[in-house]
$ cat model_1.cif   # mmCIF, C-alpha atoms and all ligand atoms
data_run
loop_
_atom_site.group_PDB
_atom_site.id
_atom_site.type_symbol
_atom_site.label_atom_id
_atom_site.label_comp_id
_atom_site.auth_asym_id
_atom_site.auth_seq_id
_atom_site.Cartn_x
_atom_site.Cartn_y
_atom_site.Cartn_z
ATOM 1 C CA MET A 821 98.473 116.816 94.309
ATOM 2 C CA LEU A 822 100.866 113.923 93.585
ATOM 3 C CA LYS A 823 99.115 111.657 91.075
ATOM 4 C CA THR A 824 99.976 108.033 91.771
ATOM 5 C CA ILE A 825 98.622 106.533 88.476
ATOM 6 C CA GLU A 826 99.239 102.773 88.950
ATOM 7 C CA SER A 827 101.271 102.843 92.160
ATOM 8 C CA LYS A 828 99.449 102.834 95.444
ATOM 9 C CA TYR A 829 100.603 104.847 98.433
ATOM 10 C CA GLY A 830 99.593 104.598 102.075
ATOM 11 C CA VAL A 831 100.260 106.413 105.335
ATOM 12 C CA VAL A 832 100.042 105.381 108.966
ATOM 13 C CA ILE A 833 99.280 108.398 111.142
ATOM 14 C CA VAL A 834 100.114 107.565 114.746
ATOM 15 C CA ALA A 835 98.016 109.371 117.334
ATOM 16 C CA GLY A 836 97.933 106.663 119.980
ATOM 17 C CA GLY A 837 99.938 108.521 122.642
ATOM 18 C CA SER A 838 98.640 110.122 125.831
ATOM 19 C CA GLY A 839 100.682 113.335 125.670
ATOM 20 C CA LYS A 840 102.384 113.207 129.091
ATOM 21 C CA ARG A 841 104.707 116.125 128.326
ATOM 22 C CA PHE A 842 101.805 118.257 127.120
ATOM 23 C CA GLY A 843 99.991 117.497 130.365
ATOM 24 C CA ASN A 844 96.350 117.870 129.318
ATOM 25 C CA GLU A 845 93.589 115.428 130.230
ATOM 26 C CA ILE A 846 92.407 115.226 126.622
ATOM 27 C CA PRO A 847 95.403 114.119 124.527
ATOM 28 C CA LYS A 848 96.946 116.905 122.401
ATOM 29 C CA GLN A 849 95.974 115.278 119.063
ATOM 30 C CA PHE A 850 92.302 116.068 119.836
ATOM 31 C CA LEU A 851 92.801 119.695 120.900
ATOM 32 C CA THR A 852 91.609 122.547 118.718
ATOM 33 C CA LEU A 853 94.056 124.343 116.461
ATOM 34 C CA ASN A 854 92.588 127.096 114.338
ATOM 35 C CA GLN A 855 89.014 125.729 114.514
ATOM 36 C CA TYR A 856 89.814 122.038 113.893
ATOM 37 C CA PRO A 857 91.292 119.235 116.019
ATOM 38 C CA VAL A 858 95.051 118.839 115.461
ATOM 39 C CA LEU A 859 94.609 115.341 114.012
ATOM 40 C CA MET A 860 92.153 116.548 111.361
ATOM 41 C CA HIS A 861 94.732 119.050 110.072
ATOM 42 C CA THR A 862 97.275 116.217 109.862
ATOM 43 C CA ILE A 863 94.996 113.823 107.963
ATOM 44 C CA ARG A 864 93.897 116.586 105.603
ATOM 45 C CA GLN A 865 97.482 117.456 104.644
ATOM 46 C CA PHE A 866 98.023 113.888 103.364
ATOM 47 C CA SER A 867 94.709 113.559 101.591
ATOM 48 C CA GLN A 868 95.381 116.861 99.784
ATOM 49 C CA SER A 869 98.960 115.917 98.844
ATOM 50 C CA ILE A 870 98.641 112.463 97.318
ATOM 51 C CA GLU A 871 95.815 111.243 95.150
ATOM 52 C CA LYS A 872 93.880 108.276 96.584
ATOM 53 C CA ILE A 873 96.314 107.755 99.466
ATOM 54 C CA GLU A 874 95.166 105.028 101.876
ATOM 55 C CA ILE A 875 95.163 106.369 105.425
ATOM 56 C CA ALA A 876 95.360 104.418 108.695
ATOM 57 C CA VAL A 877 94.951 106.388 111.914
ATOM 58 C CA VAL A 878 96.075 104.947 115.243
ATOM 59 C CA LEU A 879 94.181 106.177 118.316
ATOM 60 C CA PRO A 880 94.445 105.514 122.048
ATOM 61 C CA GLU A 881 92.263 102.508 122.902
ATOM 62 C CA ASN A 882 90.122 104.648 125.249
ATOM 63 C CA HIS A 883 89.580 107.503 122.782
ATOM 64 C CA HIS A 884 87.870 105.858 119.801
ATOM 65 C CA GLU A 885 84.584 107.389 120.934
ATOM 66 C CA THR A 886 86.198 110.837 121.328
ATOM 67 C CA TRP A 887 87.336 110.657 117.703
ATOM 68 C CA LYS A 888 83.970 109.394 116.468
ATOM 69 C CA ARG A 889 82.260 112.321 118.203
ATOM 70 C CA LEU A 890 84.733 114.837 116.762
ATOM 71 C CA CYS A 891 84.342 113.454 113.217
ATOM 72 C CA ALA A 892 80.558 113.818 113.495
ATOM 73 C CA ALA A 893 80.752 117.294 115.042
ATOM 74 C CA TYR A 894 83.125 118.609 112.356
ATOM 75 C CA ASP A 895 81.513 116.668 109.500
ATOM 76 C CA PHE A 896 84.944 115.193 108.808
ATOM 77 C CA ASN A 897 84.654 112.615 106.046
ATOM 78 C CA ILE A 898 88.121 111.862 104.697
ATOM 79 C CA PRO A 899 88.123 108.019 104.553
ATOM 80 C CA HIS A 900 90.518 106.344 107.003
ATOM 81 C CA HIS A 901 91.014 103.060 108.847
ATOM 82 C CA ILE A 902 91.227 103.108 112.633
ATOM 83 C CA SER A 903 93.361 100.983 114.921
ATOM 84 C CA SER A 904 94.463 101.117 118.545
ATOM 85 C CA GLY A 905 97.720 102.404 119.962
ATOM 86 C CA GLY A 906 100.180 100.326 121.954
ATOM 87 C CA THR A 907 102.350 101.037 124.975
ATOM 88 C CA GLU A 908 105.178 102.366 122.755
ATOM 89 C CA ARG A 909 105.063 104.276 119.462
ATOM 90 C CA PHE A 910 106.621 101.124 117.891
ATOM 91 C CA TYR A 911 103.527 99.038 118.710
ATOM 92 C CA SER A 912 101.181 101.783 117.512
ATOM 93 C CA VAL A 913 102.954 101.876 114.129
ATOM 94 C CA LYS A 914 102.827 98.071 113.928
ATOM 95 C CA ASN A 915 99.049 98.108 114.514
ATOM 96 C CA GLY A 916 98.574 100.799 111.867
ATOM 97 C CA LEU A 917 100.673 98.954 109.283
ATOM 98 C CA GLU A 918 98.302 95.977 109.517
ATOM 99 C CA LYS A 919 95.481 98.129 108.134
ATOM 100 C CA ILE A 920 97.213 99.200 104.914
ATOM 101 C CA ALA A 921 96.677 96.928 101.921
ATOM 102 C CA ASP A 922 99.364 96.080 99.347
ATOM 103 C CA CYS A 923 101.056 99.196 98.078
ATOM 104 C CA GLU A 924 104.402 100.400 96.833
ATOM 105 C CA LEU A 925 105.276 102.996 99.473
ATOM 106 C CA ILE A 926 104.137 103.603 103.052
ATOM 107 C CA GLY A 927 104.654 106.789 105.002
ATOM 108 C CA ILE A 928 104.630 106.886 108.789
ATOM 109 C CA HIS A 929 103.741 110.209 110.361
ATOM 110 C CA ASP A 930 103.152 111.685 113.814
ATOM 111 C CA GLY A 931 99.501 112.686 114.249
ATOM 112 C CA VAL A 932 100.770 115.712 116.157
ATOM 113 C CA ARG A 933 102.643 117.207 113.192
ATOM 114 C CA PRO A 934 99.653 119.024 111.670
ATOM 115 C CA LEU A 935 101.496 121.557 109.501
ATOM 116 C CA THR A 936 103.592 119.325 107.248
ATOM 117 C CA PRO A 937 103.519 121.102 103.880
ATOM 118 C CA HIS A 938 102.118 119.281 100.830
ATOM 119 C CA LYS A 939 105.438 119.821 99.072
ATOM 120 C CA LEU A 940 107.385 118.053 101.822
ATOM 121 C CA ILE A 941 104.969 115.094 101.843
ATOM 122 C CA GLN A 942 105.288 114.754 98.058
ATOM 123 C CA GLN A 943 109.075 115.141 98.206
ATOM 124 C CA CYS A 944 109.347 112.317 100.794
ATOM 125 C CA PHE A 945 107.224 109.929 98.706
ATOM 126 C CA GLU A 946 109.023 110.782 95.453
ATOM 127 C CA SER A 947 112.414 110.357 97.021
ATOM 128 C CA ALA A 948 111.465 107.065 98.743
ATOM 129 C CA GLY A 949 110.290 105.849 95.317
ATOM 130 C CA ARG A 950 113.856 106.371 94.050
ATOM 131 C CA HIS A 951 115.883 105.336 97.108
ATOM 132 C CA GLY A 952 113.625 102.923 99.012
ATOM 133 C CA SER A 953 113.410 105.188 102.056
ATOM 134 C CA CYS A 954 113.219 108.885 102.819
ATOM 135 C CA VAL A 955 113.407 110.776 106.114
ATOM 136 C CA PRO A 956 113.119 114.583 106.448
ATOM 137 C CA VAL A 957 115.742 116.242 108.646
ATOM 138 C CA MET A 958 116.879 119.673 109.793
ATOM 139 C CA PRO A 959 120.544 120.471 110.479
ATOM 140 C CA VAL A 960 121.271 121.300 114.115
ATOM 141 C CA THR A 961 121.870 125.054 114.411
ATOM 142 C CA ASP A 962 122.608 125.502 118.150
ATOM 143 C CA SER A 963 125.970 124.839 119.758
ATOM 144 C CA LEU A 964 126.036 121.510 121.569
ATOM 145 C CA ARG A 965 127.459 120.366 124.921
ATOM 146 C CA LYS A 966 127.425 116.817 126.298
ATOM 147 C CA GLY A 967 127.444 115.887 129.990
ATOM 148 C CA ASN A 968 125.673 117.313 133.014
ATOM 149 C CA TYR A 969 125.479 120.781 134.622
ATOM 150 C CA GLN A 970 128.740 120.247 136.539
ATOM 151 C CA GLN A 971 130.814 118.410 133.957
ATOM 152 C CA ASN A 972 130.336 118.900 130.260
ATOM 153 C CA LYS A 973 132.195 119.427 127.035
ATOM 154 C CA PRO A 974 131.383 120.874 123.620
ATOM 155 C CA ILE A 975 130.645 118.506 120.763
ATOM 156 C CA SER A 976 130.639 119.289 117.071
ATOM 157 C CA ARG A 977 127.280 119.889 115.404
ATOM 158 C CA GLU A 978 128.759 119.080 112.014
ATOM 159 C CA ASN A 979 126.626 116.500 110.181
ATOM 160 C CA LEU A 980 124.081 116.336 113.015
ATOM 161 C CA TYR A 981 120.386 116.471 112.127
ATOM 162 C CA ARG A 982 117.035 116.677 113.898
ATOM 163 C CA VAL A 983 114.694 114.056 112.504
ATOM 164 C CA GLN A 984 111.094 114.682 111.441
ATOM 165 C CA THR A 985 108.255 112.696 109.886
ATOM 166 C CA PRO A 986 106.764 111.624 107.448
ATOM 167 C CA GLN A 987 109.279 108.823 107.058
ATOM 168 C CA VAL A 988 108.484 106.930 103.863
ATOM 169 C CA PHE A 989 109.594 103.408 102.927
ATOM 170 C CA ARG A 990 109.115 100.605 100.440
ATOM 171 C CA GLN A 991 106.283 98.630 101.941
ATOM 172 C CA ASN A 992 108.081 95.269 101.973
ATOM 173 C CA TRP A 993 111.112 96.811 103.767
ATOM 174 C CA ILE A 994 109.122 98.473 106.530
ATOM 175 C CA ILE A 995 106.781 95.512 107.074
ATOM 176 C CA LYS A 996 109.798 93.232 107.503
ATOM 177 C CA ALA A 997 111.471 95.766 109.801
ATOM 178 C CA TYR A 998 108.416 95.950 112.052
ATOM 179 C CA GLU A 999 108.479 92.156 112.463
ATOM 180 C CA GLN A 1000 111.520 92.636 114.745
ATOM 181 C CA GLU A 1001 111.272 92.567 118.529
ATOM 182 C CA PHE A 1002 110.915 96.007 120.148
ATOM 183 C CA ASP A 1003 114.229 97.634 121.056
ATOM 184 C CA PRO A 1004 114.301 100.789 123.257
ATOM 185 C CA ALA A 1005 116.776 102.237 120.745
ATOM 186 C CA PHE A 1006 113.890 102.514 118.254
ATOM 187 C CA THR A 1007 113.136 106.249 118.561
ATOM 188 C CA ASP A 1008 111.577 106.547 115.104
ATOM 189 C CA ASP A 1009 110.869 104.361 112.052
ATOM 190 C CA ALA A 1010 114.273 104.849 110.405
ATOM 191 C CA THR A 1011 115.977 103.249 113.437
ATOM 192 C CA VAL A 1012 113.691 100.205 113.050
ATOM 193 C CA LEU A 1013 114.467 99.936 109.332
ATOM 194 C CA GLU A 1014 118.215 100.304 109.578
ATOM 195 C CA LYS A 1015 118.575 97.579 112.214
ATOM 196 C CA LEU A 1016 117.894 95.184 109.320
ATOM 197 C CA GLY A 1017 120.610 96.867 107.233
ATOM 198 C CA TYR A 1018 118.367 98.838 104.883
ATOM 199 C CA PRO A 1019 119.653 102.307 103.842
ATOM 200 C CA VAL A 1020 118.138 105.508 105.257
ATOM 201 C CA PHE A 1021 118.043 108.349 102.720
ATOM 202 C CA LEU A 1022 117.645 111.900 104.063
ATOM 203 C CA THR A 1023 115.935 114.943 102.591
ATOM 204 C CA ASP A 1024 115.485 118.555 103.759
ATOM 205 C CA GLY A 1025 112.644 118.992 106.243
ATOM 206 C CA THR A 1026 111.246 122.343 107.271
ATOM 207 C CA GLU A 1027 111.067 124.295 110.539
ATOM 208 C CA LYS A 1028 107.318 124.605 110.057
ATOM 209 C CA ASN A 1029 106.893 120.827 110.353
ATOM 210 C CA ILE A 1030 106.720 121.095 114.131
ATOM 211 C CA LYS A 1031 105.751 118.315 116.488
ATOM 212 C CA ILE A 1032 103.299 119.433 119.133
ATOM 213 C CA THR A 1033 105.003 118.180 122.271
ATOM 214 C CA LYS A 1034 104.353 120.917 124.853
ATOM 215 C CA PRO A 1035 101.621 123.604 125.159
ATOM 216 C CA GLU A 1036 103.862 126.299 123.657
ATOM 217 C CA ASP A 1037 104.104 124.205 120.451
ATOM 218 C CA LEU A 1038 100.339 124.513 119.972
ATOM 219 C CA ASN A 1039 100.700 128.314 120.170
ATOM 220 C CA LEU A 1040 103.520 128.208 117.641
ATOM 221 C CA ALA A 1041 101.425 126.053 115.281
ATOM 222 C CA ALA A 1042 98.553 128.561 115.565
ATOM 223 C CA PHE A 1043 101.009 131.350 114.753
ATOM 224 C CA TYR A 1044 102.265 129.526 111.618
ATOM 225 C CA LEU A 1045 98.694 128.921 110.448
ATOM 226 C CA LYS A 1046 97.753 132.568 110.967
ATOM 227 C CA GLU A 1047 100.855 133.671 109.078
ATOM 228 C CA GLN A 1048 99.892 131.376 106.198
ATOM 229 C CA HIS A 1049 96.523 133.102 105.862
ATOM 230 C CA THR A 1050 97.783 136.694 105.984
HETATM 231 N N1 LIG A 1101 102.450 104.692 122.393
HETATM 232 C C1 LIG A 1101 102.425 105.695 121.518
HETATM 233 C C2 LIG A 1101 103.217 106.853 121.714
HETATM 234 C C3 LIG A 1101 103.145 107.883 120.783
HETATM 235 N N2 LIG A 1101 102.319 107.769 119.721
HETATM 236 C C4 LIG A 1101 102.187 108.871 118.763
HETATM 237 O O1 LIG A 1101 103.468 109.219 118.254
HETATM 238 C C5 LIG A 1101 103.513 110.616 117.967
HETATM 239 C C6 LIG A 1101 104.770 111.267 118.548
HETATM 240 O O2 LIG A 1101 104.837 111.012 119.923
HETATM 241 P P1 LIG A 1101 104.844 112.093 121.097
HETATM 242 O O3 LIG A 1101 104.865 113.455 120.613
HETATM 243 O O4 LIG A 1101 105.890 111.635 122.051
HETATM 244 O O5 LIG A 1101 103.384 111.867 121.725
HETATM 245 P P2 LIG A 1101 102.972 111.270 123.124
HETATM 246 O O6 LIG A 1101 103.588 109.922 123.322
HETATM 247 O O7 LIG A 1101 101.499 111.356 123.153
HETATM 248 O O8 LIG A 1101 103.606 112.331 124.131
HETATM 249 P P3 LIG A 1101 104.453 112.077 125.455
HETATM 250 O O9 LIG A 1101 105.712 111.347 125.020
HETATM 251 O O10 LIG A 1101 104.705 113.427 125.994
HETATM 252 O O11 LIG A 1101 103.600 111.229 126.359
HETATM 253 C C7 LIG A 1101 102.234 111.228 118.544
HETATM 254 O O12 LIG A 1101 101.350 111.551 117.476
HETATM 255 C C8 LIG A 1101 101.690 110.145 119.434
HETATM 256 O O13 LIG A 1101 100.267 110.150 119.544
HETATM 257 C C9 LIG A 1101 101.551 106.619 119.532
HETATM 258 O O14 LIG A 1101 100.810 106.530 118.556
HETATM 259 N N3 LIG A 1101 101.619 105.605 120.451
HETATM 260 C C1 LIG A 1102 109.366 110.127 115.327
HETATM 261 C C2 LIG A 1102 109.868 111.462 115.819
HETATM 262 O O1 LIG A 1102 108.894 112.465 115.670
HETATM 263 C C3 LIG A 1102 111.058 111.868 114.999
HETATM 264 O O2 LIG A 1102 111.569 113.069 115.498
HETATM 265 C C4 LIG A 1102 110.266 111.395 117.271
HETATM 266 O O3 LIG A 1102 111.331 110.501 117.422
HETATM 267 C C5 LIG A 1102 109.149 111.049 118.201
HETATM 268 O O4 LIG A 1102 109.693 111.087 119.501
HETATM 269 P P1 LIG A 1102 108.845 111.158 120.786
HETATM 270 O O5 LIG A 1102 109.801 111.071 121.927
HETATM 271 O O6 LIG A 1102 107.917 109.999 120.718
HETATM 272 O O7 LIG A 1102 108.186 112.493 120.755
#
$ encode --input "model_1.cif" --output "structure tokens"
Amino acid sequence: MLKTIESKYGVVIVAGGSGKRFGNEIPKQFLTLNQYPVLMHTIRQFSQSIEKIEIAVVLPENHHETWKRLCAAYDFNIPHHISSGGTERFYSVKNGLEKIADCELIGIHDGVRPLTPHKLIQQCFESAGRHGSCVPVMPVTDSLRKGNYQQNKPISRENLYRVQTPQVFRQNWIIKAYEQEFDPAFTDDATVLEKLGYPVFLTDGTEKNIKITKPEDLNLAAFYLKEQHT
């Protein structure tokens, strides 16, 4: 557990999406993974990593009742604020940020990354405390080609990274960044921050920090959890 002493840390956990690529009627963040809904695993990882962390959870507008029912059914009582998702992840993050009071650092995390290790969460907050921002990444390991099936060419994978969350920032930087107009080039929070010229510091992520995007990812997450307990 990272003890925050006088500093205050917060996290916005975005779970306001509908999960089109997963293709299930109930969005993937509410599906069961090893006895608990995905989103409960995610929230628990943060509450167990950082002492007294303030948590804001963003849910689809039409699923507040679903979440209320799940919290009651699972006796889930980790304190958290709730807000509603927007049409883009950008707007969901913006809504979540409004719920977090004054603090030094804010993390932003995908609700569908339920296996983020405590150590990685702590590493991102510690590093953002030193550098102002911190984003976990994994080096690309496959060979890469750019183009289409008929015409394509190899491109170097040197210095290319896959980006994960939690992405952690000084609160005043990220609040200011999210005051910008939405830009389709905003694919994560680091892209929002750096449009204002703030530096993005990287740290090593982990393969286990998977994002549940398609049904096979839920199976992989279950496999990782089983492995952890054997
Ligand atoms: N308007 C949105 C879109 C996404 N998210 C959240 O951002 C995280 C990463 O997004 P992704 O995996 O793309 O989730 P979905 O948008 O739900 O999936 P899809 O793109 O397949 O529809 C998820 O926790 C998702 O709930 C959100 O809060 N609000
Ligand atoms: C924020 C993110 O998880 C970093 O990899 C990713 O950009 C989310 O992308 P998605 O297209 O919304 O899944």
$ closest_residue --input "model_1.cif" --among "A:Ser953, A:Ser947, A:Thr862, A:Thr1033" --to "Val834 of chain A" --atoms "all atoms listed in the file"
A:Thr862
$ closest_residue --input "model_1.cif" --among "A:Asn992, A:Gln987, A:Gln971, A:Gln849" --to "ligand LIG 1102 (chain A)" --atoms "all atoms listed in the file"
A:Gln987
$ atom_distance --input "model_1.cif" --atom1 "atom CA of Ala997 of chain A" --atom2 "atom CA of Leu1013 of chain A"
5.2 Å
$ resolve_selection --input "model_1.cif" --expression "the PyMOL selection byres (((not hetatm)) within 8 of (chain A and resi 1101))" --output "PDB file with C-alpha atoms, keeping the file's coordinate frame"
ATOM      1  CA  ILE A 833      99.280 108.398 111.142  1.00  0.00           C
ATOM      2  CA  VAL A 834     100.114 107.565 114.746  1.00  0.00           C
ATOM      3  CA  ALA A 835      98.016 109.371 117.334  1.00  0.00           C
ATOM      4  CA  GLY A 836      97.933 106.663 119.980  1.00  0.00           C
ATOM      5  CA  GLY A 837      99.938 108.521 122.642  1.00  0.00           C
ATOM      6  CA  SER A 838      98.640 110.122 125.831  1.00  0.00           C
ATOM      7  CA  GLY A 839     100.682 113.335 125.670  1.00  0.00           C
ATOM      8  CA  LYS A 840     102.384 113.207 129.091  1.00  0.00           C
ATOM      9  CA  ARG A 841     104.707 116.125 128.326  1.00  0.00           C
ATOM     10  CA  PHE A 842     101.805 118.257 127.120  1.00  0.00           C
ATOM     11  CA  GLY A 843      99.991 117.497 130.365  1.00  0.00           C
ATOM     12  CA  PRO A 847      95.403 114.119 124.527  1.00  0.00           C
ATOM     13  CA  LYS A 848      96.946 116.905 122.401  1.00  0.00           C
ATOM     14  CA  GLN A 849      95.974 115.278 119.063  1.00  0.00           C
ATOM     15  CA  VAL A 878      96.075 104.947 115.243  1.00  0.00           C
ATOM     16  CA  LEU A 879      94.181 106.177 118.316  1.00  0.00           C
ATOM     17  CA  PRO A 880      94.445 105.514 122.048  1.00  0.00           C
ATOM     18  CA  GLY A 905      97.720 102.404 119.962  1.00  0.00           C
ATOM     19  CA  GLY A 906     100.180 100.326 121.954  1.00  0.00           C
ATOM     20  CA  THR A 907     102.350 101.037 124.975  1.00  0.00           C
ATOM     21  CA  GLU A 908     105.178 102.366 122.755  1.00  0.00           C
ATOM     22  CA  ARG A 909     105.063 104.276 119.462  1.00  0.00           C
ATOM     23  CA  PHE A 910     106.621 101.124 117.891  1.00  0.00           C
ATOM     24  CA  TYR A 911     103.527  99.038 118.710  1.00  0.00           C
ATOM     25  CA  SER A 912     101.181 101.783 117.512  1.00  0.00           C
ATOM     26  CA  VAL A 913     102.954 101.876 114.129  1.00  0.00           C
ATOM     27  CA  HIS A 929     103.741 110.209 110.361  1.00  0.00           C
ATOM     28  CA  ASP A 930     103.152 111.685 113.814  1.00  0.00           C
ATOM     29  CA  GLY A 931      99.501 112.686 114.249  1.00  0.00           C
ATOM     30  CA  VAL A 932     100.770 115.712 116.157  1.00  0.00           C
ATOM     31  CA  ARG A 933     102.643 117.207 113.192  1.00  0.00           C
ATOM     32  CA  LYS A1031     105.751 118.315 116.488  1.00  0.00           C
ATOM     33  CA  ILE A1032     103.299 119.433 119.133  1.00  0.00           C
ATOM     34  CA  THR A1033     105.003 118.180 122.271  1.00  0.00           C
ATOM     35  CA  LYS A1034     104.353 120.917 124.853  1.00  0.00           C
TER      36      LYS A1034
END
$ atom_distance --input "model_1.cif" --atom1 "atom CA of Gln943 of chain A" --atom2 "atom CA of Glu999 of chain A"
27.1 Å
$ residues_near_point --input "model_1.cif" --point "(111.6, 110.6, 105.7)" --cutoff "9 Å" --atoms "only C-alpha atoms" --output "VMD selection string"
chain A and resid 927 to 928 941 944 to 945 947 to 948 953 to 957 983 to 989 1009 to 1010 1020 to 1023 1025
$ write_last_selection --input "model_1.cif" --atoms "C-alpha atoms" --output "PDB file, in the frame of the given file"
ATOM      1  CA  GLY A 927     104.654 106.789 105.002  1.00  0.00           C
ATOM      2  CA  ILE A 928     104.630 106.886 108.789  1.00  0.00           C
ATOM      3  CA  ILE A 941     104.969 115.094 101.843  1.00  0.00           C
ATOM      4  CA  CYS A 944     109.347 112.317 100.794  1.00  0.00           C
ATOM      5  CA  PHE A 945     107.224 109.929  98.706  1.00  0.00           C
ATOM      6  CA  SER A 947     112.414 110.357  97.021  1.00  0.00           C
ATOM      7  CA  ALA A 948     111.465 107.065  98.743  1.00  0.00           C
ATOM      8  CA  SER A 953     113.410 105.188 102.056  1.00  0.00           C
ATOM      9  CA  CYS A 954     113.219 108.885 102.819  1.00  0.00           C
ATOM     10  CA  VAL A 955     113.407 110.776 106.114  1.00  0.00           C
ATOM     11  CA  PRO A 956     113.119 114.583 106.448  1.00  0.00           C
ATOM     12  CA  VAL A 957     115.742 116.242 108.646  1.00  0.00           C
ATOM     13  CA  VAL A 983     114.694 114.056 112.504  1.00  0.00           C
ATOM     14  CA  GLN A 984     111.094 114.682 111.441  1.00  0.00           C
ATOM     15  CA  THR A 985     108.255 112.696 109.886  1.00  0.00           C
ATOM     16  CA  PRO A 986     106.764 111.624 107.448  1.00  0.00           C
ATOM     17  CA  GLN A 987     109.279 108.823 107.058  1.00  0.00           C
ATOM     18  CA  VAL A 988     108.484 106.930 103.863  1.00  0.00           C
ATOM     19  CA  PHE A 989     109.594 103.408 102.927  1.00  0.00           C
ATOM     20  CA  ASP A1009     110.869 104.361 112.052  1.00  0.00           C
ATOM     21  CA  ALA A1010     114.273 104.849 110.405  1.00  0.00           C
ATOM     22  CA  VAL A1020     118.138 105.508 105.257  1.00  0.00           C
ATOM     23  CA  PHE A1021     118.043 108.349 102.720  1.00  0.00           C
ATOM     24  CA  LEU A1022     117.645 111.900 104.063  1.00  0.00           C
ATOM     25  CA  THR A1023     115.935 114.943 102.591  1.00  0.00           C
ATOM     26  CA  GLY A1025     112.644 118.992 106.243  1.00  0.00           C
TER      27      GLY A1025
END
$ residues_around --input "model_1.cif" --residues "Ile875 of chain A" --least-positions-apart "3" --cutoff "8 Å" --atoms "only C-alpha atoms" --output "PyMOL selection string"
chain A and resi 830-833+863+899-901+920
$ residues_around --input "model_1.cif" --residues "Pro974 of chain A" --least-positions-apart "2" --cutoff "8 Å" --atoms "all atoms listed in the file" --output "PDB file with C-alpha atoms, keeping the file's coordinate frame"
ATOM      1  CA  SER A 963     125.970 124.839 119.758  1.00  0.00           C
ATOM      2  CA  LEU A 964     126.036 121.510 121.569  1.00  0.00           C
ATOM      3  CA  ARG A 965     127.459 120.366 124.921  1.00  0.00           C
ATOM      4  CA  LYS A 966     127.425 116.817 126.298  1.00  0.00           C
ATOM      5  CA  ASN A 972     130.336 118.900 130.260  1.00  0.00           C
ATOM      6  CA  SER A 976     130.639 119.289 117.071  1.00  0.00           C
TER       7      SER A 976
END
